[in-house]
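Peer 1: Just run02.cif, nothing more (mmCIF, C-alpha atoms):
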```cif
data_run
#
loop_
_atom_site.group_PDB
_atom_site.id
_atom_site.type_symbol
_atom_site.label_atom_id
_atom_site.label_comp_id
_atom_site.auth_asym_id
_atom_site.auth_seq_id
_atom_site.Cartn_x
_atom_site.Cartn_y
_atom_site.Cartn_z
ATOM 1 C CA MET U 1 -71.402 -43.719 77.589
ATOM 2 C CA ARG U 2 -71.558 -40.840 79.922
ATOM 3 C CA LEU U 3 -70.716 -41.297 83.565
ATOM 4 C CA SER U 4 -73.556 -40.498 85.867
ATOM 5 C CA ARG U 5 -73.154 -38.173 88.836
ATOM 6 C CA LEU U 6 -73.519 -41.129 91.190
ATOM 7 C CA ALA U 7 -71.069 -43.206 89.196
ATOM 8 C CA MET U 8 -68.673 -40.270 89.204
ATOM 9 C CA PHE U 9 -69.062 -40.027 92.987
ATOM 10 C CA SER U 10 -68.091 -43.703 93.250
ATOM 11 C CA VAL U 11 -65.133 -43.239 90.928
ATOM 12 C CA THR U 12 -64.009 -40.197 92.871
ATOM 13 C CA CYS U 13 -64.198 -42.157 96.124
ATOM 14 C CA LEU U 14 -62.258 -45.008 94.571
ATOM 15 C CA ALA U 15 -59.622 -42.696 93.172
ATOM 16 C CA ALA U 16 -59.206 -40.879 96.449
ATOM 17 C CA LEU U 17 -58.897 -44.127 98.339
ATOM 18 C CA VAL U 18 -56.680 -45.928 95.869
ATOM 19 C CA LEU U 19 -54.791 -43.586 93.629
ATOM 20 C CA ALA U 20 -55.006 -40.162 95.233
ATOM 21 C CA ALA U 21 -55.594 -38.827 91.709
ATOM 22 C CA PRO U 22 -58.969 -38.714 89.971
ATOM 23 C CA GLN U 23 -57.448 -38.885 86.489
ATOM 24 C CA ALA U 24 -55.380 -42.036 86.981
ATOM 25 C CA ASP U 25 -57.392 -44.486 84.899
ATOM 26 C CA ALA U 26 -56.154 -44.565 81.316
ATOM 27 C CA ARG U 27 -59.672 -44.647 80.037
ATOM 28 C CA GLY U 28 -58.835 -41.253 80.997
ATOM 29 C CA ARG U 29 -61.907 -39.875 82.581
ATOM 30 C CA ARG U 30 -60.730 -38.010 79.519
ATOM 31 C CA GLY U 31 -64.231 -37.143 78.473
ATOM 32 C CA ARG U 32 -65.593 -36.472 81.924
ATOM 33 C CA VAL U 33 -65.317 -33.580 84.311
ATOM 34 C CA PRO U 34 -65.665 -34.173 88.073
ATOM 35 C CA PRO U 35 -68.780 -32.523 89.563
ATOM 36 C CA GLY U 36 -66.700 -29.979 91.447
ATOM 37 C CA ASP U 37 -65.266 -28.668 88.159
ATOM 38 C CA LEU U 38 -68.611 -28.047 86.477
ATOM 39 C CA PRO U 39 -70.232 -24.614 86.517
ATOM 40 C CA LYS U 40 -73.318 -24.348 88.704
ATOM 41 C CA SER U 41 -75.534 -24.215 85.639
ATOM 42 C CA GLY U 42 -75.161 -24.297 81.923
ATOM 43 C CA THR U 43 -76.186 -25.698 78.575
ATOM 44 C CA ALA U 44 -74.239 -27.866 76.143
ATOM 45 C CA GLU U 45 -75.298 -28.644 72.586
ATOM 46 C CA ARG U 46 -73.714 -31.737 71.054
ATOM 47 C CA THR U 47 -73.721 -32.950 67.452
ATOM 48 C CA VAL U 48 -72.422 -36.403 66.500
ATOM 49 C CA THR U 49 -71.807 -37.498 62.906
ATOM 50 C CA ARG U 50 -70.884 -41.126 62.242
ATOM 51 C CA THR U 51 -69.641 -42.161 58.825
ATOM 52 C CA GLY U 52 -69.518 -45.867 58.057
ATOM 53 C CA PRO U 53 -67.170 -47.836 55.784
ATOM 54 C CA ALA U 54 -69.520 -47.329 52.822
ATOM 55 C CA GLY U 55 -69.422 -43.548 53.258
ATOM 56 C CA THR U 56 -72.959 -43.252 54.605
ATOM 57 C CA SER U 57 -73.298 -40.658 57.379
ATOM 58 C CA HIS U 58 -75.813 -40.339 60.191
ATOM 59 C CA THR U 59 -76.071 -37.294 62.432
ATOM 60 C CA SER U 60 -77.649 -37.106 65.880
ATOM 61 C CA SER U 61 -77.785 -34.243 68.354
ATOM 62 C CA GLY U 62 -78.380 -33.594 72.021
ATOM 63 C CA THR U 63 -79.010 -30.640 74.278
ATOM 64 C CA THR U 64 -78.136 -30.910 77.963
ATOM 65 C CA THR U 65 -78.885 -28.409 80.708
ATOM 66 C CA TRP U 66 -77.636 -28.801 84.273
ATOM 67 C CA GLN U 67 -77.867 -27.107 87.631
ATOM 68 C CA ARG U 68 -76.171 -27.791 90.930
ATOM 69 C CA GLY U 69 -75.820 -26.217 94.343
ATOM 70 C CA ASN U 70 -76.505 -26.788 98.047
ATOM 71 C CA GLY U 71 -75.555 -30.438 97.717
ATOM 72 C CA GLN U 72 -78.031 -31.159 94.922
ATOM 73 C CA TRP U 73 -77.838 -31.407 91.148
ATOM 74 C CA SER U 74 -80.064 -32.055 88.165
ATOM 75 C CA ARG U 75 -79.487 -32.675 84.493
ATOM 76 C CA ASP U 76 -81.915 -32.805 81.564
ATOM 77 C CA THR U 77 -80.992 -34.101 78.136
ATOM 78 C CA VAL U 78 -82.994 -34.210 74.915
ATOM 79 C CA HIS U 79 -81.483 -36.548 72.321
ATOM 80 C CA THR U 80 -82.564 -36.381 68.690
ATOM 81 C CA GLY U 81 -81.625 -39.328 66.507
ATOM 82 C CA SER U 82 -80.658 -39.276 62.861
ATOM 83 C CA SER U 83 -84.273 -39.986 61.870
ATOM 84 C CA GLY U 84 -85.677 -37.224 64.065
ATOM 85 C CA GLN U 85 -86.892 -39.491 66.868
ATOM 86 C CA GLN U 86 -86.404 -38.051 70.354
ATOM 87 C CA SER U 87 -85.649 -39.414 73.805
ATOM 88 C CA THR U 88 -85.246 -37.578 77.092
ATOM 89 C CA THR U 89 -83.267 -38.226 80.264
ATOM 90 C CA HIS U 90 -83.785 -36.512 83.613
ATOM 91 C CA VAL U 91 -81.232 -36.955 86.403
ATOM 92 C CA GLN U 92 -81.739 -35.774 89.968
ATOM 93 C CA GLY U 93 -79.121 -36.252 92.662
ATOM 94 C CA ALA U 94 -78.211 -35.125 96.135
ATOM 95 C CA LYS U 95 -75.479 -35.579 98.696
ATOM 96 C CA THR U 96 -76.361 -37.436 101.864
ATOM 97 C CA ALA U 97 -74.671 -37.612 105.252
ATOM 98 C CA ASP U 98 -72.524 -40.554 104.112
ATOM 99 C CA GLY U 99 -72.656 -40.501 100.321
ATOM 100 C CA ALA U 100 -75.094 -39.641 97.561
ATOM 101 C CA VAL U 101 -78.428 -40.647 96.050
ATOM 102 C CA ARG U 102 -79.365 -40.400 92.392
ATOM 103 C CA ASP U 103 -82.519 -40.984 90.325
ATOM 104 C CA VAL U 104 -82.684 -41.229 86.544
ATOM 105 C CA THR U 105 -85.781 -41.267 84.341
ATOM 106 C CA HIS U 106 -85.332 -42.106 80.679
ATOM 107 C CA THR U 107 -88.174 -41.814 78.185
ATOM 108 C CA GLY U 108 -87.645 -43.367 74.770
ATOM 109 C CA PRO U 109 -88.984 -42.269 71.370
ATOM 110 C CA GLY U 110 -92.096 -44.422 71.852
ATOM 111 C CA GLY U 111 -92.935 -42.812 75.188
ATOM 112 C CA LYS U 112 -91.897 -45.818 77.263
ATOM 113 C CA THR U 113 -90.084 -44.944 80.481
ATOM 114 C CA SER U 114 -87.388 -46.649 82.529
ATOM 115 C CA THR U 115 -86.001 -45.537 85.878
ATOM 116 C CA THR U 116 -82.819 -46.108 87.854
ATOM 117 C CA HIS U 117 -82.370 -45.453 91.559
ATOM 118 C CA GLY U 118 -78.860 -45.526 92.999
ATOM 119 C CA GLU U 119 -77.286 -44.913 96.387
ATOM 120 C CA VAL U 120 -73.644 -44.699 97.437
ATOM 121 C CA HIS U 121 -72.720 -44.944 101.119
ATOM 122 C CA LYS U 122 -69.259 -44.534 102.583
ATOM 123 C CA THR U 123 -68.189 -47.167 105.087
ATOM 124 C CA ASP U 124 -65.320 -47.415 107.555
ATOM 125 C CA THR U 125 -63.401 -49.506 105.022
ATOM 126 C CA GLY U 126 -64.594 -48.146 101.656
ATOM 127 C CA TYR U 127 -68.076 -47.754 100.234
ATOM 128 C CA THR U 128 -71.190 -49.620 99.105
ATOM 129 C CA ARG U 129 -73.399 -48.921 96.110
ATOM 130 C CA ASP U 130 -76.919 -50.214 95.455
ATOM 131 C CA THR U 131 -78.734 -49.702 92.181
ATOM 132 C CA THR U 132 -82.247 -50.705 91.104
ATOM 133 C CA HIS U 133 -83.235 -50.412 87.451
ATOM 134 C CA THR U 134 -86.888 -50.687 86.430
ATOM 135 C CA GLY U 135 -87.532 -51.206 82.736
ATOM 136 C CA PRO U 136 -90.471 -49.911 80.680
ATOM 137 C CA ASN U 137 -92.467 -53.088 81.320
ATOM 138 C CA GLY U 138 -91.844 -53.087 85.064
ATOM 139 C CA GLN U 139 -89.062 -55.672 85.046
ATOM 140 C CA GLN U 140 -86.357 -54.985 87.629
ATOM 141 C CA SER U 141 -82.659 -55.659 87.957
ATOM 142 C CA THR U 142 -80.460 -54.868 90.944
ATOM 143 C CA THR U 143 -76.749 -54.392 91.516
ATOM 144 C CA HIS U 144 -74.948 -54.370 94.857
ATOM 145 C CA VAL U 145 -71.316 -53.277 95.109
ATOM 146 C CA ASP U 146 -69.114 -53.601 98.185
ATOM 147 C CA ALA U 147 -65.693 -51.912 98.014
ATOM 148 C CA VAL U 148 -63.026 -52.344 100.699
ATOM 149 C CA LYS U 149 -59.740 -50.482 100.981
ATOM 150 C CA THR U 150 -56.551 -52.491 101.212
ATOM 151 C CA GLU U 151 -53.036 -51.429 102.105
ATOM 152 C CA ASP U 152 -52.207 -50.624 98.484
ATOM 153 C CA GLY U 153 -55.533 -50.434 96.704
ATOM 154 C CA LEU U 154 -59.117 -51.593 96.713
ATOM 155 C CA VAL U 155 -61.101 -54.832 96.483
ATOM 156 C CA ARG U 156 -64.552 -54.510 94.953
ATOM 157 C CA ASP U 157 -67.277 -57.153 94.662
ATOM 158 C CA ALA U 158 -70.453 -56.647 92.657
ATOM 159 C CA THR U 159 -73.531 -58.849 92.386
ATOM 160 C CA HIS U 160 -76.023 -58.232 89.603
ATOM 161 C CA THR U 161 -79.446 -59.885 89.628
ATOM 162 C CA GLY U 162 -81.475 -59.719 86.430
ATOM 163 C CA PRO U 163 -85.255 -59.592 85.973
ATOM 164 C CA GLY U 164 -85.412 -63.396 85.814
ATOM 165 C CA GLY U 165 -83.565 -63.813 89.094
ATOM 166 C CA LYS U 166 -80.336 -64.996 87.480
ATOM 167 C CA THR U 167 -77.191 -63.651 89.141
ATOM 168 C CA SER U 168 -73.750 -62.685 87.895
ATOM 169 C CA THR U 169 -70.793 -61.521 89.970
ATOM 170 C CA THR U 170 -67.700 -59.400 89.390
ATOM 171 C CA HIS U 171 -64.594 -59.447 91.581
ATOM 172 C CA ASP U 172 -62.146 -56.543 91.166
ATOM 173 C CA VAL U 173 -58.700 -56.131 92.727
ATOM 174 C CA ILE U 174 -57.087 -52.725 92.192
ATOM 175 C CA GLN U 175 -53.515 -52.133 93.316
ATOM 176 C CA LYS U 176 -51.307 -49.069 93.210
ATOM 177 C CA THR U 177 -47.975 -49.301 91.459
ATOM 178 C CA ALA U 178 -44.993 -46.960 91.393
ATOM 179 C CA ASP U 179 -46.321 -45.189 88.298
ATOM 180 C CA GLY U 180 -50.020 -45.994 88.167
ATOM 181 C CA HIS U 181 -52.154 -48.997 89.067
ATOM 182 C CA THR U 182 -53.265 -52.454 87.976
ATOM 183 C CA ARG U 183 -56.728 -53.977 87.976
ATOM 184 C CA ASP U 184 -57.615 -57.666 87.832
ATOM 185 C CA THR U 185 -61.233 -58.592 87.250
ATOM 186 C CA VAL U 186 -63.065 -61.908 87.226
ATOM 187 C CA HIS U 187 -66.633 -61.812 85.935
ATOM 188 C CA THR U 188 -68.763 -64.917 86.466
ATOM 189 C CA GLY U 189 -71.966 -65.123 84.458
ATOM 190 C CA PRO U 190 -75.272 -66.704 85.494
ATOM 191 C CA ASN U 191 -74.265 -70.046 83.985
ATOM 192 C CA GLY U 192 -70.834 -70.088 85.615
ATOM 193 C CA GLN U 193 -68.883 -68.956 82.563
ATOM 194 C CA GLN U 194 -65.966 -66.679 83.427
ATOM 195 C CA VAL U 195 -64.251 -63.735 81.773
ATOM 196 C CA THR U 196 -60.982 -62.357 83.170
ATOM 197 C CA THR U 197 -59.471 -58.943 82.536
ATOM 198 C CA HIS U 198 -56.051 -57.595 83.463
ATOM 199 C CA VAL U 199 -55.394 -53.852 83.159
ATOM 200 C CA ASP U 200 -52.048 -52.115 83.635
ATOM 201 C CA VAL U 201 -52.139 -48.307 83.774
ATOM 202 C CA GLU U 202 -48.992 -46.198 83.647
ATOM 203 C CA LYS U 203 -48.963 -42.443 84.107
ATOM 204 C CA THR U 204 -46.541 -40.581 81.856
ATOM 205 C CA ALA U 205 -45.297 -37.006 81.843
ATOM 206 C CA ASP U 206 -48.113 -35.877 79.564
ATOM 207 C CA GLY U 207 -50.738 -38.608 79.649
ATOM 208 C CA VAL U 208 -51.542 -42.230 80.334
ATOM 209 C CA VAL U 209 -50.637 -45.606 78.799
ATOM 210 C CA ARG U 210 -53.075 -48.446 79.356
ATOM 211 C CA ASP U 211 -52.651 -52.124 78.447
ATOM 212 C CA THR U 212 -55.531 -54.565 78.757
ATOM 213 C CA THR U 213 -55.858 -58.319 78.278
ATOM 214 C CA ARG U 214 -59.331 -59.856 78.273
ATOM 215 C CA THR U 215 -59.803 -63.640 78.178
ATOM 216 C CA GLY U 216 -63.213 -65.117 77.468
ATOM 217 C CA PRO U 217 -64.793 -68.391 78.605
ATOM 218 C CA ASP U 218 -63.380 -70.144 75.528
ATOM 219 C CA GLY U 219 -59.830 -69.119 76.424
ATOM 220 C CA LYS U 220 -59.501 -66.690 73.520
ATOM 221 C CA SER U 221 -57.929 -63.353 74.394
ATOM 222 C CA VAL U 222 -58.202 -59.766 73.189
ATOM 223 C CA THR U 223 -55.440 -57.284 73.985
ATOM 224 C CA SER U 224 -55.478 -53.512 73.729
ATOM 225 C CA HIS U 225 -52.824 -50.816 73.978
ATOM 226 C CA ASP U 226 -54.043 -47.254 74.601
ATOM 227 C CA VAL U 227 -51.936 -44.086 74.645
ATOM 228 C CA VAL U 228 -53.588 -40.805 75.636
ATOM 229 C CA GLU U 229 -51.523 -37.613 75.639
ATOM 230 C CA LYS U 230 -52.440 -34.100 76.651
ATOM 231 C CA THR U 231 -51.913 -31.304 74.159
ATOM 232 C CA ALA U 232 -51.911 -27.547 74.619
ATOM 233 C CA ASN U 233 -55.664 -27.364 74.015
ATOM 234 C CA GLY U 234 -56.943 -30.933 74.217
ATOM 235 C CA TYR U 235 -55.661 -34.486 73.785
ATOM 236 C CA THR U 236 -54.620 -37.151 71.297
ATOM 237 C CA ARG U 237 -55.318 -40.857 71.495
ATOM 238 C CA GLU U 238 -53.869 -43.869 69.687
ATOM 239 C CA ALA U 239 -55.153 -47.371 70.440
ATOM 240 C CA THR U 240 -54.589 -50.870 69.071
ATOM 241 C CA ARG U 241 -56.895 -53.806 69.795
ATOM 242 C CA THR U 242 -55.818 -57.296 68.749
ATOM 243 C CA GLY U 243 -58.172 -60.270 68.905
ATOM 244 C CA PRO U 244 -58.648 -63.676 67.297
ATOM 245 C CA ASN U 245 -59.887 -62.011 64.089
ATOM 246 C CA GLY U 246 -57.085 -59.475 63.692
ATOM 247 C CA THR U 247 -56.136 -55.951 64.750
ATOM 248 C CA THR U 248 -58.270 -52.824 64.994
ATOM 249 C CA THR U 249 -56.705 -49.380 65.365
ATOM 250 C CA VAL U 250 -58.259 -46.230 66.786
ATOM 251 C CA SER U 251 -56.870 -42.758 66.200
ATOM 252 C CA GLY U 252 -58.471 -39.705 67.771
ATOM 253 C CA GLN U 253 -57.995 -36.189 69.001
ATOM 254 C CA GLY U 254 -59.956 -33.554 70.853
ATOM 255 C CA THR U 255 -59.562 -29.781 70.747
ATOM 256 C CA TRP U 256 -61.039 -27.013 72.909
ATOM 257 C CA ASP U 257 -61.588 -23.574 71.358
ATOM 258 C CA PRO U 258 -61.934 -21.079 74.219
ATOM 259 C CA ALA U 259 -63.106 -18.296 71.906
ATOM 260 C CA SER U 260 -66.208 -20.172 70.725
ATOM 261 C CA LYS U 261 -66.385 -22.405 73.821
ATOM 262 C CA THR U 262 -66.516 -25.479 71.616
ATOM 263 C CA TRP U 263 -65.037 -28.955 71.901
ATOM 264 C CA THR U 264 -64.404 -30.862 68.679
ATOM 265 C CA ARG U 265 -63.441 -34.525 68.625
ATOM 266 C CA GLU U 266 -62.483 -36.792 65.754
ATOM 267 C CA LYS U 267 -62.083 -40.563 65.907
ATOM 268 C CA VAL U 268 -61.157 -42.932 63.086
ATOM 269 C CA VAL U 269 -61.486 -46.705 63.511
ATOM 270 C CA THR U 270 -59.715 -49.062 61.100
ATOM 271 C CA ARG U 271 -60.866 -52.684 61.294
ATOM 272 C CA PRO U 272 -58.870 -55.827 60.466
ATOM 273 C CA ASP U 273 -60.259 -55.885 56.907
ATOM 274 C CA GLY U 274 -58.964 -52.343 56.314
ATOM 275 C CA LYS U 275 -62.385 -50.711 56.325
ATOM 276 C CA THR U 276 -62.652 -47.470 58.269
ATOM 277 C CA SER U 277 -65.386 -45.553 60.062
ATOM 278 C CA GLU U 278 -65.259 -42.048 61.479
ATOM 279 C CA THR U 279 -66.992 -40.221 64.315
ATOM 280 C CA ASP U 280 -67.019 -36.430 64.571
ATOM 281 C CA VAL U 281 -68.378 -34.764 67.705
ATOM 282 C CA THR U 282 -68.925 -31.059 68.304
ATOM 283 C CA THR U 283 -69.977 -29.794 71.738
ATOM 284 C CA HIS U 284 -70.786 -26.123 72.224
ATOM 285 C CA VAL U 285 -71.063 -24.846 75.792
ATOM 286 C CA SER U 286 -73.183 -21.837 76.692
ATOM 287 C CA PRO U 287 -71.230 -18.579 77.202
ATOM 288 C CA GLY U 288 -69.604 -18.242 80.597
ATOM 289 C CA ALA U 289 -69.586 -21.966 81.377
ATOM 290 C CA GLN U 290 -66.487 -24.082 81.815
ATOM 291 C CA ALA U 291 -65.906 -26.750 79.202
ATOM 292 C CA PRO U 292 -67.107 -30.317 79.703
ATOM 293 C CA ALA U 293 -64.573 -32.435 77.827
ATOM 294 C CA PRO U 294 -65.888 -34.576 74.932
ATOM 295 C CA THR U 295 -67.217 -38.068 75.605
ATOM 296 C CA GLU U 296 -66.540 -41.230 73.681
#
```
For this file, write the structure as structure tokens.
Peer 2:
Amino acid sequence: MRLSRLAMFSVTCLAALVLAAPQADARGRRGRVPPGDLPKSGTAERTVTRTGPAGTSHTSSGTTTWQRGNGQWSRDTVHTGSSGQQSTTHVQGAKTADGAVRDVTHTGPGGKTSTTHGEVHKTDTGYTRDTTHTGPNGQQSTTHVDAVKTEDGLVRDATHTGPGGKTSTTHDVIQKTADGHTRDTVHTGPNGQQVTTHVDVEKTADGVVRDTTRTGPDGKSVTSHDVVEKTANGYTREATRTGPNGTTTVSGQGTWDPASKTWTREKVVTRPDGKTSETDVTTHVSPGAQAPAPTE
């Protein structure tokens, strides 16, 4: 899933406050480029081919154009699915005196539209973020986030209220370490069920190592080990996820060709039963534009 401009603003604030490095999370922001690194305008054409365990392939494509300047930005994307159905997304954002505001309109293949309005505001101790999502039938959900700096990190509390009025909460504690950071999260669902997640991120000389343990309401845990390393013209990634039903491995790499201004990414997933699936992504950027790294 792509990070929105507003979400990226929040992440940038968090990174500046906590880690003093926008690339510190092992999820790598690998496929994202901070707004300041994007060209002022450009076009990217993206093709995604997914091949399942049975060998059947499906190809989708997307064309994104963006513009930014004078504290404002916009992005328009047309996505074409494997069956030819199309959806569009329009994003409009702007800086404010103490943060940013962002509006998204998504229109699905059937013509139904959903909207999302988000605002980020800096505070004396961190930032707040408020988001309202309105679905195609008018149903609304809201999310409020309050983030507070600590001596060695950040504490973040989020409350999400769904269309039916049910509420879930998420409590995050992020702490710097000598070589990275840790994050401990407790998510409490509308019925009181809890999920806990512990993340340990370690920066290395040429990448990031990330270990995660997630424990569900039933006490069962899933662990993952992610290693992302920079290469001369891209990155490699090796990941292992182990859960109650066995181990899944992910192997991937991304390569930037400056001559054709094209990113290519390959990812192979091997499930516990030995079956594999593959995703191939090609992103071509219009001449003269800097490269937006591939997204997962």
Peer 1: Here's the selection I'm unsure about, the PyMOL selection byres ((chain U and resi 202) around 9); applied to the file above, which residues does it give, as an mmCIF file with C-alpha atoms, keeping the file's coordinate frame?
Peer 2:
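What landed in result-v9.cif:
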```
data_model
loop_
_atom_site.group_PDB
_atom_site.id
_atom_site.type_symbol
_atom_site.label_atom_id
_atom_site.label_comp_id
_atom_site.auth_asym_id
_atom_site.auth_seq_id
_atom_site.Cartn_x
_atom_site.Cartn_y
_atom_site.Cartn_z
ATOM 1 C CA ALA U 24 -55.380 -42.036 86.981
ATOM 2 C CA ASP U 25 -57.392 -44.486 84.899
ATOM 3 C CA ALA U 26 -56.154 -44.565 81.316
ATOM 4 C CA THR U 177 -47.975 -49.301 91.459
ATOM 5 C CA ALA U 178 -44.993 -46.960 91.393
ATOM 6 C CA ASP U 179 -46.321 -45.189 88.298
ATOM 7 C CA GLY U 180 -50.020 -45.994 88.167
ATOM 8 C CA HIS U 181 -52.154 -48.997 89.067
ATOM 9 C CA THR U 182 -53.265 -52.454 87.976
ATOM 10 C CA ASP U 200 -52.048 -52.115 83.635
ATOM 11 C CA VAL U 201 -52.139 -48.307 83.774
ATOM 12 C CA LYS U 203 -48.963 -42.443 84.107
ATOM 13 C CA THR U 204 -46.541 -40.581 81.856
ATOM 14 C CA GLY U 207 -50.738 -38.608 79.649
ATOM 15 C CA VAL U 208 -51.542 -42.230 80.334
ATOM 16 C CA VAL U 209 -50.637 -45.606 78.799
ATOM 17 C CA ARG U 210 -53.075 -48.446 79.356
ATOM 18 C CA ASP U 211 -52.651 -52.124 78.447
#
```
Peer 1: For the structure shown, which residues end up in the PyMOL selection byres ((chain U and resi 47-60) around 8)? Put them as a ChimeraX atom specification, please?
Peer 2: /U:45-46,61-62,79-82,275-283
Peer 1: Please expand the PyMOL selection byres ((chain U and resi 175) around 8) into the concrete residues it hits in this file, giving the result as a VMD selection string.
Peer 2: chain U and resid 18 152 to 154 173 to 174 176 to 177 181 to 183
Peer 1: Can you spit out the residues from that selection as a JSON list (two decimals), in the coordinates of the input, using C-alpha atoms?
Peer 2:
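The resulting file, part_11.json, is reproduced below:
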```json
[["chain", "number", "residue", "atom", "x", "y", "z"],
["U", 18, "VAL", "CA", -56.68, -45.93, 95.87],
["U", 152, "ASP", "CA", -52.21, -50.62, 98.48],
["U", 153, "GLY", "CA", -55.53, -50.43, 96.70],
["U", 154, "LEU", "CA", -59.12, -51.59, 96.71],
["U", 173, "VAL", "CA", -58.70, -56.13, 92.73],
["U", 174, "ILE", "CA", -57.09, -52.72, 92.19],
["U", 176, "LYS", "CA", -51.31, -49.07, 93.21],
["U", 177, "THR", "CA", -47.98, -49.30, 91.46],
["U", 181, "HIS", "CA", -52.15, -49.00, 89.07],
["U", 182, "THR", "CA", -53.26, -52.45, 87.98],
["U", 183, "ARG", "CA", -56.73, -53.98, 87.98]]
```
Peer 1: Please provide the set of residues having any atom within 7 Å of range 117-129 of chain U, restricted to only C-alpha atoms, with same-chain residues fewer than 2 positions apart removed, written as a list in words.
Peer 2: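 Once the adjacent positions are removed, what remains is Asp98, Gly99, Ala100, Val101, Arg102, Asp103, Val104, Thr115, Thr131, Thr132, His133, His144, Val145, Asp146, Ala147, Val148 and Lys149 of chain U.
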Peer 1: For CA of Val91 in chain U and CA of Arg75 in chain U, determine how far apart the two atoms are, in Å to one decimal place.
Peer 2: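 Taking CA of Val91 in chain U as the start and CA of Arg75 in chain U as the end point, the length is 5.0 Å.
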Peer 1: Here is a test: counting only C-alpha atoms, which residue of U:Arg241, U:Arg156, U:His106, U:Lys220 is nearest to Pro136 in chain U?
Peer 2: U:His106
Peer 1: Take every atom of range 223-238 of chain U listed in the file, pad by 8 Å on each side, and give me the axis-aligned box centre and edge lengths in Å, one decimal, as lines of an AutoDock Vina configuration file.
Peer 2:
```
center_x = -54.2
center_y = -42.3
center_z = 73.2
size_x = 21.4
size_y = 45.9
size_z = 23.0
```
Peer 1: Pick from U:Gln72, U:Thr89, U:Ser141, U:Thr134: nearest to His160 in chain U, with all atoms listed in the file counted?
Peer 2: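 Selected residue with least distance to His160 in chain U: U:Ser141.
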Peer 1: Just give me the gap between CA of Lys112 in chain U and CA of Gly162 in chain U in Å, one decimal is fine.
Peer 2: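 Pair CA of Lys112 in chain U / CA of Gly162 in chain U returns 19.6 Å.
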Peer 1: Here is a test: counting only C-alpha atoms, which residue of U:Thr150, U:Thr188, U:Gln253, U:Thr77 is nearest to Thr167 in chain U?
Peer 2: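 Smallest separation from Thr167 in chain U among the options: U:Thr188.
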Peer 1: Render range 68-110 of chain U from the structure in the preceding block as a file of C-alpha atoms, as a PDB file, in the first residue's frame.
Peer 2:
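File written: decode-v7.pdb
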```
ATOM      1  CA  ARG U  68       3.855  20.003  -6.281  1.00  0.00           C
ATOM      2  CA  GLY U  69       5.023  23.490  -5.430  1.00  0.00           C
ATOM      3  CA  ASN U  70       4.263  26.507  -3.230  1.00  0.00           C
ATOM      4  CA  GLY U  71       3.338  24.239  -0.343  1.00  0.00           C
ATOM      5  CA  GLN U  72       0.734  22.278  -2.303  1.00  0.00           C
ATOM      6  CA  TRP U  73       0.669  18.958  -4.123  1.00  0.00           C
ATOM      7  CA  SER U  74      -1.687  16.803  -6.143  1.00  0.00           C
ATOM      8  CA  ARG U  75      -1.592  13.282  -7.486  1.00  0.00           C
ATOM      9  CA  ASP U  76      -3.875  11.475  -9.937  1.00  0.00           C
ATOM     10  CA  THR U  77      -3.791   7.741 -10.511  1.00  0.00           C
ATOM     11  CA  VAL U  78      -5.699   5.577 -12.975  1.00  0.00           C
ATOM     12  CA  HIS U  79      -5.573   1.877 -12.091  1.00  0.00           C
ATOM     13  CA  THR U  80      -6.555  -0.762 -14.631  1.00  0.00           C
ATOM     14  CA  GLY U  81      -7.209  -4.242 -13.290  1.00  0.00           C
ATOM     15  CA  SER U  82      -6.448  -7.534 -14.965  1.00  0.00           C
ATOM     16  CA  SER U  83      -9.990  -7.659 -16.376  1.00  0.00           C
ATOM     17  CA  GLY U  84      -9.832  -4.124 -17.753  1.00  0.00           C
ATOM     18  CA  GLN U  85     -11.896  -2.507 -14.998  1.00  0.00           C
ATOM     19  CA  GLN U  86     -10.671   0.939 -13.955  1.00  0.00           C
ATOM     20  CA  SER U  87     -10.555   2.959 -10.755  1.00  0.00           C
ATOM     21  CA  THR U  88      -9.220   6.450 -10.149  1.00  0.00           C
ATOM     22  CA  THR U  89      -7.696   8.222  -7.159  1.00  0.00           C
ATOM     23  CA  HIS U  90      -7.226  11.972  -6.783  1.00  0.00           C
ATOM     24  CA  VAL U  91      -5.113  13.358  -3.935  1.00  0.00           C
ATOM     25  CA  GLN U  92      -4.882  17.033  -3.040  1.00  0.00           C
ATOM     26  CA  GLY U  93      -2.730  18.304  -0.195  1.00  0.00           C
ATOM     27  CA  ALA U  94      -1.285  21.471   1.233  1.00  0.00           C
ATOM     28  CA  LYS U  95       0.973  22.609   4.032  1.00  0.00           C
ATOM     29  CA  THR U  96      -0.592  24.628   6.813  1.00  0.00           C
ATOM     30  CA  ALA U  97       0.911  26.886   9.461  1.00  0.00           C
ATOM     31  CA  ASP U  98       1.351  23.934  11.837  1.00  0.00           C
ATOM     32  CA  GLY U  99       1.144  20.835   9.658  1.00  0.00           C
ATOM     33  CA  ALA U 100      -0.669  19.637   6.564  1.00  0.00           C
ATOM     34  CA  VAL U 101      -4.122  18.859   5.193  1.00  0.00           C
ATOM     35  CA  ARG U 102      -4.940  16.193   2.634  1.00  0.00           C
ATOM     36  CA  ASP U 103      -8.050  15.099   0.714  1.00  0.00           C
ATOM     37  CA  VAL U 104      -8.428  11.876  -1.251  1.00  0.00           C
ATOM     38  CA  THR U 105     -11.232  10.909  -3.628  1.00  0.00           C
ATOM     39  CA  HIS U 106     -11.353   7.331  -4.852  1.00  0.00           C
ATOM     40  CA  THR U 107     -13.784   6.204  -7.535  1.00  0.00           C
ATOM     41  CA  GLY U 108     -14.169   2.471  -8.063  1.00  0.00           C
ATOM     42  CA  PRO U 109     -14.923   0.538 -11.265  1.00  0.00           C
ATOM     43  CA  GLY U 110     -18.670   0.817 -10.602  1.00  0.00           C
TER      44      GLY U 110
END
```
